[in-house]
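The data block below is data-v1.txt; it holds compact mmCIF, C-alpha atoms.
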```txt
# COMPACT_ATOMS: atom_id res chain seq x y z
CA MET A 2 -18.01 10.20 -47.93
CA LYS A 3 -14.99 7.92 -48.21
CA SER A 4 -13.70 9.61 -51.36
CA PHE A 5 -14.16 13.05 -49.85
CA SER A 6 -12.23 12.07 -46.72
CA ALA A 7 -9.40 10.70 -48.81
CA PHE A 8 -9.28 13.85 -50.89
CA ALA A 9 -9.22 16.05 -47.81
CA PHE A 10 -6.32 14.04 -46.40
CA VAL A 11 -4.29 14.36 -49.59
CA ALA A 12 -5.04 18.05 -49.95
CA GLY A 13 -4.02 18.64 -46.36
CA SER A 14 -0.79 16.82 -46.95
CA PHE A 15 0.10 19.00 -49.92
CA ALA A 16 -0.76 22.14 -47.95
CA LEU A 17 1.55 21.07 -45.13
CA ALA A 18 4.36 20.35 -47.55
CA ALA A 19 4.04 23.87 -48.97
CA VAL A 20 4.91 25.46 -45.60
CA PRO A 21 8.62 26.43 -45.43
CA ILE A 22 10.60 24.30 -43.01
CA ALA A 23 11.94 27.37 -41.26
CA ALA A 24 8.40 28.57 -40.58
CA GLN A 25 7.47 25.22 -39.11
CA GLU A 26 10.43 25.30 -36.76
CA THR A 27 9.70 28.80 -35.48
CA THR A 28 5.98 28.22 -34.86
CA ALA A 29 6.14 24.77 -33.24
CA PRO A 30 5.96 25.14 -29.43
CA ALA A 31 8.87 23.63 -27.56
CA PRO A 32 7.83 20.77 -25.24
CA ALA A 33 7.81 21.69 -21.58
CA PRO A 34 10.79 20.18 -19.79
CA ALA A 35 9.86 17.30 -17.50
CA PRO A 36 10.36 18.16 -13.83
CA GLU A 37 13.33 16.44 -12.27
CA MET A 38 13.59 14.92 -8.83
CA SER A 39 16.49 15.59 -6.54
CA THR A 40 18.53 12.66 -5.27
CA ALA A 41 16.74 12.88 -1.94
CA GLU A 42 13.34 12.93 -3.64
CA GLU A 43 14.23 9.89 -5.74
CA ALA A 44 15.19 8.01 -2.58
CA GLY A 45 11.96 9.03 -0.84
CA VAL A 46 9.84 7.98 -3.81
CA GLN A 47 11.58 4.62 -4.09
CA GLN A 48 11.08 3.93 -0.39
CA ALA A 49 7.40 4.88 -0.61
CA VAL A 50 6.83 2.58 -3.59
CA ASP A 51 8.73 -0.35 -2.05
CA LEU A 52 7.13 -0.11 1.38
CA GLY A 53 3.67 0.77 0.07
CA TRP A 54 3.62 -2.29 -2.15
CA LYS A 55 4.70 -4.49 0.76
CA VAL A 56 2.07 -3.07 3.11
CA TYR A 57 -0.60 -3.72 0.48
CA ALA A 58 0.64 -7.25 -0.31
CA TYR A 59 0.85 -8.28 3.35
CA ASP A 60 -2.54 -6.73 4.14
CA GLN A 61 -4.12 -8.62 1.22
CA ALA A 62 -2.57 -11.88 2.40
CA ALA A 63 -3.99 -11.37 5.90
CA TRP A 64 -7.41 -10.41 4.57
CA HIS A 65 -7.80 -13.39 2.23
CA GLY A 66 -6.14 -15.66 4.76
CA THR A 67 -8.68 -14.62 7.39
CA ASP A 68 -11.60 -15.45 5.09
CA ALA A 69 -10.09 -18.87 4.31
CA MET A 70 -9.32 -19.61 7.96
CA LEU A 71 -12.86 -18.82 9.08
CA ALA A 72 -14.19 -21.16 6.40
CA ASP A 73 -11.88 -23.98 7.55
CA VAL A 74 -12.10 -23.36 11.30
CA PRO A 75 -15.72 -22.50 12.17
CA ASP A 76 -14.91 -22.78 15.88
CA ALA A 77 -12.00 -20.31 15.64
CA ARG A 78 -13.24 -18.28 18.60
CA THR A 79 -12.91 -21.25 20.96
CA ARG A 80 -9.41 -22.22 19.85
CA GLY A 81 -7.61 -19.43 21.68
CA ILE A 82 -6.30 -17.66 18.59
CA ALA A 83 -4.20 -14.70 19.72
CA GLY A 84 -3.35 -13.14 16.35
CA TRP A 85 -1.64 -13.73 13.05
CA ILE A 86 1.66 -13.19 11.29
CA VAL A 87 2.58 -13.23 7.61
CA ASN A 88 5.64 -15.05 6.24
CA ASP A 89 7.21 -14.65 2.82
CA THR A 90 7.27 -17.90 0.83
CA GLY A 91 8.59 -18.74 -2.60
CA ASP A 92 5.14 -18.68 -4.18
CA GLY A 93 3.26 -16.13 -2.08
CA ARG A 94 2.73 -14.99 1.49
CA GLU A 95 1.66 -17.31 4.26
CA THR A 96 -0.73 -16.10 6.93
CA VAL A 97 -0.34 -18.04 10.18
CA PHE A 98 -2.94 -17.79 12.94
CA PHE A 99 -1.35 -18.66 16.27
CA ARG A 100 -2.17 -19.26 19.93
CA PRO A 101 -0.07 -19.74 23.08
CA ALA A 102 1.37 -23.25 23.36
CA LYS A 103 0.93 -25.28 26.54
CA ASP A 104 4.67 -25.58 27.13
CA GLY A 105 5.43 -21.93 26.32
CA GLY A 106 5.93 -20.13 23.06
CA HIS A 107 3.26 -20.16 20.39
CA GLU A 108 1.86 -22.70 17.96
CA ALA A 109 -0.02 -22.49 14.68
CA VAL A 110 -3.75 -23.11 14.52
CA TRP A 111 -4.10 -22.56 10.76
CA ALA A 112 -1.91 -21.38 7.88
CA GLY A 113 -2.62 -20.54 4.24
CA VAL A 114 -0.53 -19.18 1.36
CA TYR A 115 -1.98 -16.37 -0.76
CA ASP A 116 -0.38 -16.01 -4.21
CA GLY A 117 -1.89 -12.63 -5.09
CA ARG A 118 -5.06 -14.14 -6.53
CA LYS A 119 -6.24 -16.86 -4.17
CA VAL A 120 -5.23 -18.98 -1.19
CA ILE A 121 -3.42 -21.87 -2.83
CA ARG A 122 -2.46 -23.96 0.23
CA ARG A 123 -4.22 -24.17 3.58
CA THR A 124 -3.65 -26.36 6.63
CA THR A 125 -5.42 -26.66 9.98
CA TYR A 126 -3.08 -27.84 12.73
CA ALA A 127 -3.74 -30.05 15.74
CA PRO A 128 -2.41 -28.87 19.12
CA GLY A 129 1.39 -29.14 19.22
CA GLU A 130 1.65 -30.05 15.53
CA ARG A 131 3.40 -26.85 14.40
CA VAL A 132 5.33 -24.84 16.96
CA LEU A 133 6.41 -21.42 15.72
CA VAL A 134 10.13 -21.12 14.97
CA ALA A 135 12.39 -18.28 16.16
CA ALA A 136 11.81 -16.05 13.11
CA GLU A 137 8.04 -16.42 13.52
CA LEU A 138 8.22 -15.72 17.25
CA ALA A 139 10.10 -12.49 16.45
CA LEU A 140 7.19 -11.47 14.20
CA VAL A 141 4.76 -12.28 17.01
CA GLN A 142 6.77 -10.17 19.46
CA ALA A 143 6.91 -7.21 17.05
CA THR A 144 3.18 -7.46 16.39
CA GLU A 145 2.29 -7.54 20.07
CA LEU A 146 4.65 -4.65 20.84
CA ALA A 147 3.10 -2.49 18.11
CA ARG A 148 -0.41 -3.24 19.34
CA ALA A 149 0.60 -2.16 22.85
CA GLN A 150 1.61 1.33 21.69
CA LYS A 151 -0.60 4.37 22.20
CA ALA A 152 -1.52 5.80 18.81
CA GLU A 153 -4.18 8.17 17.52
CA ARG A 154 -7.25 6.28 16.42
CA CYS A 155 -9.45 7.48 13.58
CA ALA A 156 -12.01 4.68 13.62
CA ALA A 157 -14.05 2.71 16.13
CA SER A 158 -12.79 -0.57 14.68
CA PRO A 159 -9.44 -1.99 15.85
CA PHE A 160 -6.30 -1.22 13.87
CA ASN A 161 -5.24 -3.58 11.13
CA THR A 162 -1.63 -4.68 11.62
CA VAL A 163 1.07 -5.33 9.05
CA VAL A 164 4.54 -6.45 10.16
CA PHE A 165 7.53 -7.44 8.03
CA PRO A 166 11.34 -7.35 8.25
CA THR A 167 13.00 -4.04 7.40
CA GLY A 168 15.80 -5.83 5.57
CA LYS A 169 18.39 -3.85 7.52
CA PRO A 170 21.45 -5.54 9.11
CA ASP A 171 19.99 -5.07 12.60
CA GLY A 172 17.25 -7.60 11.87
CA GLY A 173 14.46 -5.19 12.77
CA PHE A 174 10.84 -4.98 11.68
CA TYR A 175 8.45 -2.36 10.38
CA ALA A 176 5.14 -2.69 12.19
CA TYR A 177 2.14 -0.72 10.94
CA LEU A 178 -1.10 0.10 12.70
CA LEU A 179 -3.55 0.94 9.93
CA THR A 180 -6.96 2.56 10.20
CA PRO A 181 -9.45 0.14 8.62
CA GLN A 182 -11.80 1.18 5.85
CA GLU A 183 -15.08 1.08 7.75
CA LYS A 184 -17.37 2.22 4.92
CA ALA A 185 -17.34 1.36 1.25
CA GLY A 186 -16.54 4.43 -0.81
CA GLU A 187 -14.47 6.15 1.89
CA ILE A 188 -10.67 6.05 2.05
CA PRO A 189 -8.98 6.75 5.41
CA PHE A 190 -5.76 8.70 4.93
CA GLY A 191 -5.35 9.56 8.63
CA GLY A 192 -4.71 7.37 11.64
CA HIS A 193 -1.91 5.24 10.18
CA HIS A 194 1.29 4.65 12.15
CA ARG A 195 4.65 2.96 11.58
CA PHE A 196 6.99 1.58 14.24
CA GLU A 197 10.52 0.38 13.63
CA ILE A 198 11.22 -2.39 16.12
CA VAL A 199 14.70 -3.69 16.81
CA GLY A 200 15.63 -6.22 19.47
CA GLY A 201 12.20 -6.14 21.07
CA THR A 202 12.08 -2.36 21.52
CA VAL A 203 10.62 0.50 19.51
CA LYS A 204 13.54 2.27 17.84
CA GLU A 205 11.47 4.81 15.90
CA ARG A 206 7.82 5.67 15.40
CA ARG A 207 5.89 8.01 13.18
CA GLY A 208 2.39 9.01 12.17
CA PHE A 209 1.64 9.96 8.58
CA THR A 210 -0.82 12.82 9.17
CA LYS A 211 -1.41 15.45 11.82
CA SER A 212 -5.12 14.62 12.10
CA CYS A 213 -7.77 12.17 11.00
CA LEU A 214 -8.62 12.43 7.31
CA THR A 215 -11.17 10.41 5.35
CA ILE A 216 -11.92 11.17 1.70
CA PRO A 217 -15.10 9.96 -0.07
CA LEU A 218 -14.76 8.24 -3.42
CA ALA A 219 -17.86 9.91 -4.86
CA ASN A 220 -19.25 13.45 -4.87
CA ASP A 221 -22.71 14.44 -3.68
CA LYS A 222 -24.13 13.27 -7.02
CA GLY A 223 -22.59 9.82 -6.65
CA LYS A 224 -20.03 10.32 -9.39
CA THR A 225 -16.55 8.84 -8.90
CA PRO A 226 -13.76 11.34 -9.61
CA GLU A 227 -10.91 10.60 -11.98
CA ALA A 228 -8.45 11.17 -9.12
CA LEU A 229 -8.24 12.12 -5.46
CA THR A 230 -6.17 15.01 -4.12
CA VAL A 231 -4.58 15.29 -0.69
CA THR A 232 -2.17 17.79 0.84
CA HIS A 233 0.75 16.26 2.75
CA LEU A 234 2.59 18.30 5.36
CA LEU A 235 5.12 15.93 6.92
CA ASP A 236 7.37 14.82 4.04
CA ALA A 237 8.90 16.16 0.84
CA THR A 238 7.53 13.21 -1.15
CA PRO A 239 4.50 10.88 -0.94
CA THR A 240 4.76 8.02 1.56
CA GLU A 241 3.93 4.34 1.57
CA ILE A 242 0.49 5.19 2.94
CA HIS A 243 -0.35 7.09 -0.25
CA VAL A 244 0.79 4.07 -2.26
CA PHE A 245 -1.20 1.68 -0.05
CA SER A 246 -4.30 3.88 -0.27
CA VAL A 247 -4.27 4.16 -4.07
CA TYR A 248 -5.10 0.44 -4.28
CA ALA A 249 -8.22 0.94 -2.19
CA ALA A 250 -9.17 4.11 -4.06
CA GLY A 251 -8.91 2.55 -7.52
CA VAL A 252 -8.00 5.97 -8.96
CA PRO A 253 -4.77 7.99 -8.88
CA VAL A 254 -4.04 10.04 -5.78
CA TYR A 255 -2.48 13.45 -6.37
CA VAL A 256 -0.31 14.43 -3.43
CA LEU A 257 0.56 18.08 -2.85
CA THR A 258 3.65 18.29 -0.64
CA ALA A 259 3.30 21.66 1.02
CA GLY A 260 6.90 22.12 2.13
CA ASN A 261 8.34 22.20 -1.40
CA ASN A 262 5.23 23.06 -3.45
CA ARG A 263 5.49 19.83 -5.45
CA VAL A 264 2.61 17.88 -7.02
CA TRP A 265 2.91 14.10 -7.37
CA SER A 266 0.74 11.42 -8.93
CA THR A 267 0.57 8.17 -6.99
CA GLU A 268 -0.95 5.55 -9.27
CA ILE A 269 -1.08 1.93 -10.37
CA PHE A 270 0.55 1.10 -13.70
CA GLY A 271 0.60 -2.47 -14.99
CA GLY A 272 -0.57 -3.72 -11.61
CA LYS A 273 2.38 -2.13 -9.80
CA PRO A 274 2.55 1.19 -7.95
CA ARG A 275 4.51 4.17 -9.18
CA ILE A 276 4.93 7.83 -8.25
CA ARG A 277 5.41 10.54 -10.87
CA LEU A 278 6.45 14.14 -10.28
CA ILE A 279 3.92 16.37 -12.00
CA ARG A 280 5.20 19.78 -10.91
```
Final structure tokens representation of the file:
Amino acid sequence: MKSFSAFAFVAGSFALAAVPIAAQETTAPAPAPAPEMSTAEEAGVQQAVDLGWKVYAYDQAAWHGTDAMLADVPDARTRGIAGWIVNDTGDGRETVFFRPAKDGGHEAVWAGVYDGRKVIRRTTYAPGERVLVAAELALVQATELARAQKAERCAASPFNTVVFPTGKPDGGFYAYLLTPQEKAGEIPFGGHHRFEIVGGTVKERRGFTKSCLTIPLANDKGKTPEALTVTHLLDATPTEIHVFSVYAAGVPVYVLTAGNNRVWSTEIFGGKPRIRLIR
């Protein structure tokens, strides 16, 4: 068998060499040109990737931080915890659970730094030991303001919240109310909201869908698809919610933007999100 295979390879090579070069050039199909994004589309895609990655990273920090806090503080319910914020640190993201302080303001009950794999530092604080600084109090204010907004709910469970600085000169924050994944194998694409908060007021708000939308990760035979497909009506490109959701899905999400008849692939490549224009 080995000698036959080698002979077939050599014979095939000679046959290919006998074909005139001109004939090869005329019969070879030209590669389809790759679709190009407009400048506006490139900007929209970059924003979606940047914000989607941040939403995912902050949500992961809060999730793993919550598990670690409950292990360290078994009496958490009796300590008056009012919520949490997430700070950027040099080696990860710090989740701080806080409560009102006796002399005003807020103080930390527990804090832990998540480095993308595990909680690497964790501290439980005595009353008055760590009072939140001005930047942390601004995060608290933005979180509480977002939670006070009326927004369409698509689940019985409370919203998950993600808040971080916009990076703009006005010192504002993006605050997200996110529909939680209530069932394994189901990805909620509806019921997510973003608020831009500047100076203690809501400057801008948006929802990402016109209705509730949950997509199962398996068909009626229990088979996981190679990708999910959603139609998006509100933007010309995918949004940060599509990027955030692709992490939970574990498979690419094809987004059909109805307004411009484009097809996009939102996916994870090398551990990082990316968006490709398919058509």
At most 9 Å is the cut-off: for each residue in range 155-177 of chain A with any atom that close to an atom of range 41-64 of chain A, write down the nearest atom pair and the distance in Å rounded to one decimal, counting all atoms listed in the file, chain first then increasing number, as a tab-separated table.
```
residue	atom	partner	partner_atom	distance
A:Asn161	CA	A:Asp60	CA	8.1
A:Thr162	CA	A:Asp60	CA	7.8
A:Val163	CA	A:Asp60	CA	6.3
A:Val164	CA	A:Tyr59	CA	8.0
A:Phe165	CA	A:Tyr59	CA	8.2
A:Tyr177	CA	A:Val56	CA	8.2
```
Could you give me, as a ChimeraX atom specification, the residues within 10 Å of range 78-80 of chain A, counting all atoms listed in the file and dropping anything in the same chain fewer than 6 positions from it?
/A:71,99-100,110,128
So, counting all atoms listed in the file, which residue among A:Gly191, A:Gly201, A:Gly113, A:Pro274 is closest to His233 in chain A?
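The answer is A:Gly191, which sits nearest to His233 in chain A.
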Shell of 9 Å around Gly84 in chain A, all atoms listed in the file, local chain residues under 4 positions omitted, as a list of chain:residue names
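Neighbouring residues, sequence-local ones excluded: A:Val97, A:Phe98, A:Phe99, A:Arg100, A:Val141, A:Thr144, A:Glu145.
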Filtering to C-alpha atoms, could you give me those residues as a PDB file, keeping the file's coordinate frame?
```
ATOM      1  CA  VAL A  97      -0.340 -18.040  10.180  1.00  0.00           C
ATOM      2  CA  PHE A  98      -2.940 -17.790  12.940  1.00  0.00           C
ATOM      3  CA  PHE A  99      -1.350 -18.660  16.270  1.00  0.00           C
ATOM      4  CA  ARG A 100      -2.170 -19.260  19.930  1.00  0.00           C
ATOM      5  CA  VAL A 141       4.760 -12.280  17.010  1.00  0.00           C
ATOM      6  CA  THR A 144       3.180  -7.460  16.390  1.00  0.00           C
ATOM      7  CA  GLU A 145       2.290  -7.540  20.070  1.00  0.00           C
TER       8      GLU A 145
END
```
For Ala228 in chain A, please output as JSON, numbers by chain all residues within 12 Å (counting all atoms listed in the file; exclusion window: fewer than 2 positions along the same chain).
{"A": [216, 217, 218, 219, 220, 224, 225, 226, 230, 231, 247, 250, 251, 252, 253, 254, 255, 256, 265, 266, 267, 268, 269]}
What is the CA of Lys119 in chain A to CA of Leu138 in chain A distance in Å?
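Separation between CA of Lys119 in chain A and CA of Leu138 in chain A: 25.9 Å.
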What is the distance between CA of Glu197 in chain A and CA of Tyr175 in chain A, in Å to one decimal?
4.7 Å
May I have the residues within 10 Å of Gly260 in chain A as a PyMOL selection string, using only C-alpha atoms and disregarding those fewer than 5 positions away in the same chain?
chain A and resi 233-238
Using only C-alpha atoms, please write the residues we just selected to a file, as a CSV table (one decimal), in the frame of the given file.
```csv
chain,number,residue,atom,x,y,z
A,233,HIS,CA,0.8,16.3,2.8
A,234,LEU,CA,2.6,18.3,5.4
A,235,LEU,CA,5.1,15.9,6.9
A,236,ASP,CA,7.4,14.8,4.0
A,237,ALA,CA,8.9,16.2,0.8
A,238,THR,CA,7.5,13.2,-1.2
```
Please compute the CA of Arg148 in chain A-CA of Phe160 in chain A distance, one decimal, in Å.
8.3 Å
Residues within 8 Å of Leu278 in chain A, please, as a PyMOL selection string. Count only C-alpha atoms; anything in the same chain fewer than 2 positions from it doesn't count.
chain A and resi 36-38+263-266+276+280
Quick one: residues within 6 Å of (-2.4, -26.3, 11.6) (file frame), counting all atoms listed in the file, please, as an MDAnalysis selection string.
chainID A and resid 109:111 124:127
